[in-house]
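Listing of coords.tsv, TSV, C-alpha atoms
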chain	number	residue	atom	x	y	z
A	180	MET	CA	5.51	8.00	-33.35
A	181	PRO	CA	4.25	4.54	-32.39
A	182	PRO	CA	0.57	4.17	-31.69
A	183	VAL	CA	-0.17	4.64	-28.01
A	184	ALA	CA	-2.06	1.74	-26.54
A	185	THR	CA	-5.08	3.02	-24.73
A	186	ALA	CA	-7.35	0.92	-22.62
A	187	PRO	CA	-10.82	1.64	-21.27
A	188	ARG	CA	-10.85	2.22	-17.54
A	189	HIS	CA	-12.92	-0.90	-16.80
A	190	HIS	CA	-10.34	-3.05	-18.62
A	191	LEU	CA	-7.61	-1.56	-16.46
A	192	ALA	CA	-9.74	-2.00	-13.33
A	193	ALA	CA	-10.23	-5.68	-14.18
A	194	LEU	CA	-6.46	-6.12	-14.54
A	195	VAL	CA	-5.94	-4.38	-11.19
A	196	VAL	CA	-8.44	-6.76	-9.53
A	197	VAL	CA	-6.77	-9.88	-10.98
A	198	GLY	CA	-3.35	-8.53	-10.01
A	199	GLY	CA	-4.82	-7.73	-6.59
A	200	PHE	CA	-5.88	-11.37	-6.12
A	201	LEU	CA	-2.31	-12.50	-6.85
A	202	GLY	CA	-0.75	-9.86	-4.60
A	203	SER	CA	-3.17	-10.64	-1.75
A	204	ALA	CA	-2.64	-14.39	-2.11
A	205	THR	CA	1.14	-13.94	-1.93
A	206	ARG	CA	0.81	-11.75	1.16
A	207	VAL	CA	-1.56	-14.20	2.88
A	208	GLY	CA	0.73	-17.13	2.05
A	209	LEU	CA	3.87	-15.37	3.21
A	210	THR	CA	2.24	-14.07	6.39
A	211	ALA	CA	1.26	-17.63	7.33
A	212	LEU	CA	4.96	-18.60	7.31
A	213	PHE	CA	5.70	-16.13	10.12
A	214	PRO	CA	4.78	-17.20	13.64
A	215	ALA	CA	2.90	-14.57	15.63
A	216	ALA	CA	5.55	-12.65	17.52
A	217	GLY	CA	5.75	-9.42	19.48
A	218	PHE	CA	7.09	-7.71	16.38
A	219	PRO	CA	5.23	-7.40	13.04
A	220	TRP	CA	7.90	-9.14	10.97
A	221	ALA	CA	5.49	-10.38	8.32
A	222	THR	CA	4.15	-6.90	7.46
A	223	LEU	CA	7.68	-5.48	7.45
A	224	VAL	CA	8.99	-8.16	5.07
A	225	VAL	CA	5.93	-7.84	2.80
A	226	ASN	CA	6.17	-4.03	2.63
A	227	LEU	CA	9.92	-3.96	2.00
A	228	THR	CA	9.94	-6.70	-0.66
A	229	GLY	CA	6.93	-5.13	-2.37
A	230	SER	CA	8.54	-1.67	-2.38
A	231	ALA	CA	11.76	-3.11	-3.85
A	232	ALA	CA	9.78	-5.05	-6.45
A	233	VAL	CA	7.74	-2.07	-7.63
A	234	GLY	CA	10.86	0.11	-7.81
A	235	TRP	CA	12.65	-2.50	-9.85
A	236	THR	CA	9.84	-3.43	-12.25
A	237	LEU	CA	8.13	-0.06	-12.84
A	238	PRO	CA	10.71	1.27	-15.35
A	239	THR	CA	10.31	-1.92	-17.39
A	240	LEU	CA	6.52	-1.87	-17.15
A	241	HIS	CA	6.62	1.73	-18.36
A	242	SER	CA	9.01	1.16	-21.23
A	243	ARG	CA	7.10	-1.39	-23.25
A	244	SER	CA	3.98	-1.36	-25.32
A	245	ARG	CA	0.66	-1.78	-23.52
A	246	ARG	CA	2.18	0.36	-20.84
A	247	ARG	CA	-1.04	1.23	-19.02
A	248	ARG	CA	-2.18	-2.38	-18.89
A	249	ARG	CA	1.18	-3.59	-17.61
A	250	VAL	CA	1.37	-0.93	-14.91
A	251	ALA	CA	-2.25	-1.57	-13.89
A	252	PHE	CA	-1.67	-5.28	-13.50
A	253	GLY	CA	1.86	-5.39	-12.06
A	254	ALA	CA	2.23	-2.21	-10.04
A	255	VAL	CA	-1.31	-1.07	-9.14
A	256	GLY	CA	-2.57	-4.66	-8.86
A	257	VAL	CA	0.03	-7.19	-7.71
A	258	ALA	CA	2.64	-5.07	-5.92
A	259	ALA	CA	0.25	-2.53	-4.40
A	260	ALA	CA	-2.20	-5.13	-3.05
A	261	TYR	CA	0.66	-7.33	-1.82
A	262	THR	CA	1.84	-4.48	0.41
A	263	THR	CA	-0.43	-2.85	2.94
A	264	PHE	CA	-0.55	0.56	4.54
A	265	SER	CA	-3.54	-0.12	6.80
A	266	THR	CA	-1.88	-3.07	8.57
A	267	PHE	CA	1.32	-1.04	8.90
A	268	THR	CA	-0.52	1.75	10.73
A	269	LEU	CA	-2.44	-0.69	12.95
A	270	ASP	CA	0.82	-2.51	13.86
A	271	THR	CA	2.37	0.86	14.73
A	272	PHE	CA	-0.65	1.90	16.80
A	273	GLU	CA	-0.67	-1.40	18.72
A	274	LEU	CA	3.05	-1.12	19.50
A	275	ILE	CA	2.43	2.44	20.77
A	276	MET	CA	-0.50	1.29	22.93
A	277	SER	CA	1.60	-1.52	24.43
A	278	ARG	CA	4.33	1.06	25.13
A	279	SER	CA	6.88	-1.01	23.24
A	280	TRP	CA	8.92	2.08	22.44
A	281	ALA	CA	12.01	0.29	21.15
A	282	ALA	CA	9.88	-1.92	18.92
A	283	VAL	CA	7.77	0.94	17.53
A	284	THR	CA	10.88	3.00	16.80
A	285	ALA	CA	12.58	0.07	15.06
A	286	TYR	CA	9.42	-0.82	13.14
A	287	ALA	CA	8.78	2.72	11.89
A	288	LEU	CA	12.43	3.35	10.99
A	289	LEU	CA	12.86	0.01	9.23
A	290	SER	CA	9.56	0.38	7.37
A	291	ILE	CA	10.00	3.99	6.27
A	292	GLY	CA	13.79	4.24	5.88
A	293	GLY	CA	14.06	0.70	4.54
A	294	GLY	CA	11.09	1.19	2.21
A	295	VAL	CA	12.49	4.35	0.64
A	296	ALA	CA	15.96	2.77	0.39
A	297	VAL	CA	14.87	-0.46	-1.30
A	298	ALA	CA	12.42	1.33	-3.60
A	299	SER	CA	15.12	3.72	-4.80
A	300	VAL	CA	17.76	0.99	-5.19
A	301	GLY	CA	15.20	-1.09	-7.07
A	302	HIS	CA	14.39	1.93	-9.25
A	303	ARG	CA	18.09	2.42	-10.08
A	304	LEU	CA	18.56	-1.23	-10.98
A	305	GLY	CA	15.35	-1.28	-13.01
A	306	GLU	CA	16.30	1.79	-15.01
A	307	ARG	CA	19.53	0.24	-16.31
A	308	PRO	CA	19.24	-0.94	-19.88
B	61	MET	CA	-11.94	-20.59	3.72
B	62	THR	CA	-10.66	-17.54	5.55
B	63	ALA	CA	-7.66	-17.29	3.21
B	64	VAL	CA	-9.93	-17.45	0.16
B	65	ALA	CA	-12.18	-14.69	1.53
B	66	VAL	CA	-9.16	-12.51	2.35
B	67	VAL	CA	-7.66	-12.99	-1.13
B	68	VAL	CA	-10.93	-12.31	-2.98
B	69	ALA	CA	-11.61	-9.26	-0.82
B	70	GLY	CA	-8.03	-8.03	-1.39
B	71	GLY	CA	-8.48	-8.11	-5.16
B	72	ILE	CA	-11.72	-6.19	-4.90
B	73	GLY	CA	-10.03	-3.69	-2.58
B	74	ALA	CA	-7.30	-3.18	-5.19
B	75	GLY	CA	-9.91	-2.46	-7.88
B	76	VAL	CA	-11.70	0.05	-5.65
B	77	ARG	CA	-8.33	1.70	-4.87
B	78	PHE	CA	-7.60	2.08	-8.58
B	79	LEU	CA	-10.98	3.66	-9.34
B	80	ALA	CA	-11.10	5.88	-6.24
B	81	GLY	CA	-7.42	6.84	-6.40
B	82	SER	CA	-7.45	7.84	-10.05
B	83	ALA	CA	-10.73	9.76	-9.62
B	84	ILE	CA	-9.23	11.72	-6.71
B	85	GLN	CA	-5.98	12.33	-8.56
B	86	GLU	CA	-7.77	13.59	-11.69
B	87	ARG	CA	-10.01	15.89	-9.70
B	88	LEU	CA	-7.23	17.49	-7.69
B	89	ARG	CA	-4.44	17.55	-10.28
B	90	THR	CA	-1.87	18.61	-7.73
B	91	GLU	CA	1.85	17.96	-7.44
B	92	LEU	CA	1.33	15.61	-4.53
B	93	PRO	CA	-0.02	12.05	-4.99
B	94	TRP	CA	-3.30	12.72	-3.19
B	95	GLY	CA	-4.99	9.61	-4.59
B	96	THR	CA	-2.71	7.30	-2.62
B	97	ALA	CA	-2.75	9.60	0.42
B	98	VAL	CA	-6.55	9.73	0.67
B	99	VAL	CA	-6.98	6.00	0.00
B	100	ASN	CA	-4.35	5.04	2.57
B	101	THR	CA	-5.59	7.41	5.26
B	102	PHE	CA	-9.18	6.26	4.79
B	103	GLY	CA	-8.08	2.61	4.84
B	104	ALA	CA	-6.12	3.13	8.06
B	105	PHE	CA	-9.14	4.78	9.68
B	106	ALA	CA	-11.44	1.94	8.60
B	107	LEU	CA	-9.04	-0.74	9.87
B	108	GLY	CA	-8.84	1.16	13.17
B	109	VAL	CA	-12.64	1.04	13.47
B	110	VAL	CA	-12.67	-2.72	12.78
B	111	ALA	CA	-9.88	-3.38	15.30
B	112	GLY	CA	-11.57	-1.12	17.87
B	113	THR	CA	-14.83	-3.05	17.74
B	114	GLY	CA	-12.98	-6.25	18.66
B	115	PHE	CA	-15.16	-8.24	16.26
B	116	ASP	CA	-13.69	-11.40	14.81
B	117	GLY	CA	-14.80	-14.09	12.41
B	118	LEU	CA	-14.95	-14.57	8.68
B	119	ALA	CA	-16.66	-11.27	7.86
B	120	THR	CA	-14.10	-9.32	9.89
B	121	ASP	CA	-11.22	-11.17	8.24
B	122	ALA	CA	-12.68	-10.35	4.83
B	123	VAL	CA	-12.95	-6.64	5.69
B	124	VAL	CA	-9.35	-6.64	6.97
B	125	GLY	CA	-8.28	-8.35	3.72
B	126	LEU	CA	-10.26	-5.83	1.68
B	127	LEU	CA	-8.51	-2.94	3.44
B	128	ALA	CA	-5.10	-4.60	3.06
B	129	GLY	CA	-5.59	-4.80	-0.72
B	130	PHE	CA	-7.24	-1.37	-0.83
B	131	THR	CA	-4.34	0.39	0.87
B	132	THR	CA	-0.82	0.21	-0.51
B	133	TYR	CA	2.62	0.66	0.93
B	134	SER	CA	4.69	0.11	-2.22
B	135	THR	CA	2.93	2.87	-4.21
B	136	TRP	CA	3.51	5.31	-1.35
B	137	MET	CA	7.22	4.44	-1.30
B	138	ILE	CA	7.76	4.68	-5.06
B	139	GLU	CA	5.83	7.95	-5.29
B	140	CYS	CA	8.16	9.38	-2.62
B	141	VAL	CA	11.16	8.18	-4.65
B	142	HIS	CA	9.79	9.67	-7.88
B	143	LEU	CA	9.11	13.04	-6.20
B	144	TRP	CA	12.64	13.04	-4.72
B	145	LEU	CA	14.20	12.32	-8.12
B	146	GLU	CA	12.45	15.37	-9.61
B	147	GLY	CA	14.90	17.41	-7.53
B	148	GLY	CA	14.34	20.96	-6.31
B	149	ASP	CA	10.86	21.43	-4.89
B	150	GLY	CA	10.12	17.77	-5.58
B	151	ARG	CA	12.41	16.85	-2.70
B	152	ARG	CA	10.40	18.96	-0.29
B	153	ARG	CA	7.18	17.38	-1.56
B	154	SER	CA	8.73	13.94	-1.19
B	155	VAL	CA	9.50	14.53	2.48
B	156	VAL	CA	6.06	16.08	3.06
B	157	ASN	CA	4.45	13.05	1.42
B	158	LEU	CA	6.53	10.62	3.50
B	159	VAL	CA	6.17	12.26	6.91
B	160	GLY	CA	2.66	13.58	6.28
B	161	LEU	CA	1.16	10.24	5.30
B	162	LEU	CA	2.92	8.45	8.16
B	163	ALA	CA	1.43	10.94	10.64
B	164	ALA	CA	-1.98	10.95	8.95
B	165	GLY	CA	-2.10	7.14	8.95
B	166	VAL	CA	-1.24	6.73	12.62
B	167	VAL	CA	-3.70	9.48	13.66
B	168	ALA	CA	-6.40	7.96	11.41
B	169	VAL	CA	-5.98	4.44	12.81
B	170	ALA	CA	-6.04	5.82	16.38
B	171	LEU	CA	-9.24	7.84	15.75
B	172	GLY	CA	-10.81	4.84	14.04
B	173	HIS	CA	-9.88	2.63	16.97
B	174	LEU	CA	-11.45	5.10	19.37
B	175	LEU	CA	-14.65	5.19	17.32
B	176	GLY	CA	-14.72	1.40	16.98
B	177	SER	CA	-14.29	0.87	20.71
B	178	VAL	CA	-17.39	2.94	21.55
B	179	LEU	CA	-19.57	1.34	18.85
Represent the structure contained in this file as structure tokens.
Amino acid sequence: MPPVATAPRHHLAALVVVGGFLGSATRVGLTALFPAAGFPWATLVVNLTGSAAVGWTLPTLHSRSRRRRRVAFGAVGVAAAYTTFSTFTLDTFELIMSRSWAAVTAYALLSIGGGVAVASVGHRLGERP
Amino acid sequence: MTAVAVVVAGGIGAGVRFLAGSAIQERLRTELPWGTAVVNTFGAFALGVVAGTGFDGLATDAVVGLLAGFTTYSTWMIECVHLWLEGGDGRRRSVVNLVGLLAAGVVAVALGHLLGSVL
């Protein structure tokens, strides 16, 4: 049995923070490319690409040595901070308050259905040897 | 300047999510990913409060960035996929996690907004 790499929690937390800087920076940069529109395209694209990325990379992050460090940095740091649940709920709430029923339905369905779909497709692709 | 503050705050938010989420998960030790659920619901509530106050400026942008990094969409999605792939009762938990957190998040942001607007 190979030695299991263990890491103190504060080491992992530091990796999450550094990964979080990278994920946040990517989100901020990408969001700036989208003009403000009546539909939250930027958040949708960020959440779907991030869900696909974490599905695809997690099996690899898990399969190598230094597993906990890799997962902390890549999945809990970069991918998780790149995507955002809080902005997703605020977007949804604002569309509800503006009575944009078609938009809120499309946004919720694309975010939820699309998120599950791309995460599971990513997971399948990532699991292949 | 705003972008730098948002990025720095987002990294800190991610670190707090890791510590809070794993503490919650260890304490509850349930079949459902409560760490992500609690973090995300709290983050939605807090963003609702901020939006409700109508404040803007650098400090507000930093708090919004902190909450964006603190909450996570991708972890929620992949945890739903993992639960589903367990099969059997895992599928039920996956749907509960998906629909439950969606509902909790929207209710939390609405309540937060209400609170923020009267502050």
**Study point:** Nearest-residue call for chain A, choices B:Phe78, B:Trp144, B:Trp94, B:Phe115, using all atoms listed in the file
**Key:**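 With all atoms listed in the file as the atom set, the closest residue is B:Phe78.
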I need the contact residues of chain A against chain B, so if you could list those with any atom within 8 Å, counting all atoms listed in the file, and return them as a tab-separated table (two decimals) with C-alpha atoms, keeping the file's coordinate frame, that would help.
chain	number	residue	atom	x	y	z
A	192	ALA	CA	-9.74	-2.00	-13.33
A	193	ALA	CA	-10.23	-5.68	-14.18
A	195	VAL	CA	-5.94	-4.38	-11.19
A	196	VAL	CA	-8.44	-6.76	-9.53
A	197	VAL	CA	-6.77	-9.88	-10.98
A	198	GLY	CA	-3.35	-8.53	-10.01
A	199	GLY	CA	-4.82	-7.73	-6.59
A	200	PHE	CA	-5.88	-11.37	-6.12
A	201	LEU	CA	-2.31	-12.50	-6.85
A	202	GLY	CA	-0.75	-9.86	-4.60
A	203	SER	CA	-3.17	-10.64	-1.75
A	204	ALA	CA	-2.64	-14.39	-2.11
A	207	VAL	CA	-1.56	-14.20	2.88
A	226	ASN	CA	6.17	-4.03	2.63
A	227	LEU	CA	9.92	-3.96	2.00
A	229	GLY	CA	6.93	-5.13	-2.37
A	230	SER	CA	8.54	-1.67	-2.38
A	231	ALA	CA	11.76	-3.11	-3.85
A	233	VAL	CA	7.74	-2.07	-7.63
A	234	GLY	CA	10.86	0.11	-7.81
A	254	ALA	CA	2.23	-2.21	-10.04
A	255	VAL	CA	-1.31	-1.07	-9.14
A	256	GLY	CA	-2.57	-4.66	-8.86
A	258	ALA	CA	2.64	-5.07	-5.92
A	259	ALA	CA	0.25	-2.53	-4.40
A	260	ALA	CA	-2.20	-5.13	-3.05
A	261	TYR	CA	0.66	-7.33	-1.82
A	262	THR	CA	1.84	-4.48	0.41
A	263	THR	CA	-0.43	-2.85	2.94
A	264	PHE	CA	-0.55	0.56	4.54
A	265	SER	CA	-3.54	-0.12	6.80
A	266	THR	CA	-1.88	-3.07	8.57
A	268	THR	CA	-0.52	1.75	10.73
A	269	LEU	CA	-2.44	-0.69	12.95
A	271	THR	CA	2.37	0.86	14.73
A	272	PHE	CA	-0.65	1.90	16.80
A	291	ILE	CA	10.00	3.99	6.27
A	294	GLY	CA	11.09	1.19	2.21
A	295	VAL	CA	12.49	4.35	0.64
A	298	ALA	CA	12.42	1.33	-3.60
A	299	SER	CA	15.12	3.72	-4.80
Check your understanding: Mind pulling up the distance from atom CA of Val98 of chain B to atom CA of Trp220 of chain A?
Key -> 25.9 Å
**Study point:** 8 Å contact set for Thr62 of chain B, only C-alpha atoms, chain neighbours under 5 positions out, as a list in words
**Key:**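 The neighbour list is Leu118, Asp121 and Ala122 of chain B.
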Those residues with C-alpha atoms, as a PDB file, in the frame of the given file please?
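Final file, again.pdb:
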ATOM      1  CA  LEU B 118     -14.950 -14.570   8.680  1.00  0.00           C
ATOM      2  CA  ASP B 121     -11.220 -11.170   8.240  1.00  0.00           C
ATOM      3  CA  ALA B 122     -12.680 -10.350   4.830  1.00  0.00           C
TER       4      ALA B 122
END
Review point. Which value, in Å to one decimal, gives the distance between atom CA of Arg303 of chain A and atom CA of Gly150 of chain B?
Key: 17.9 Å
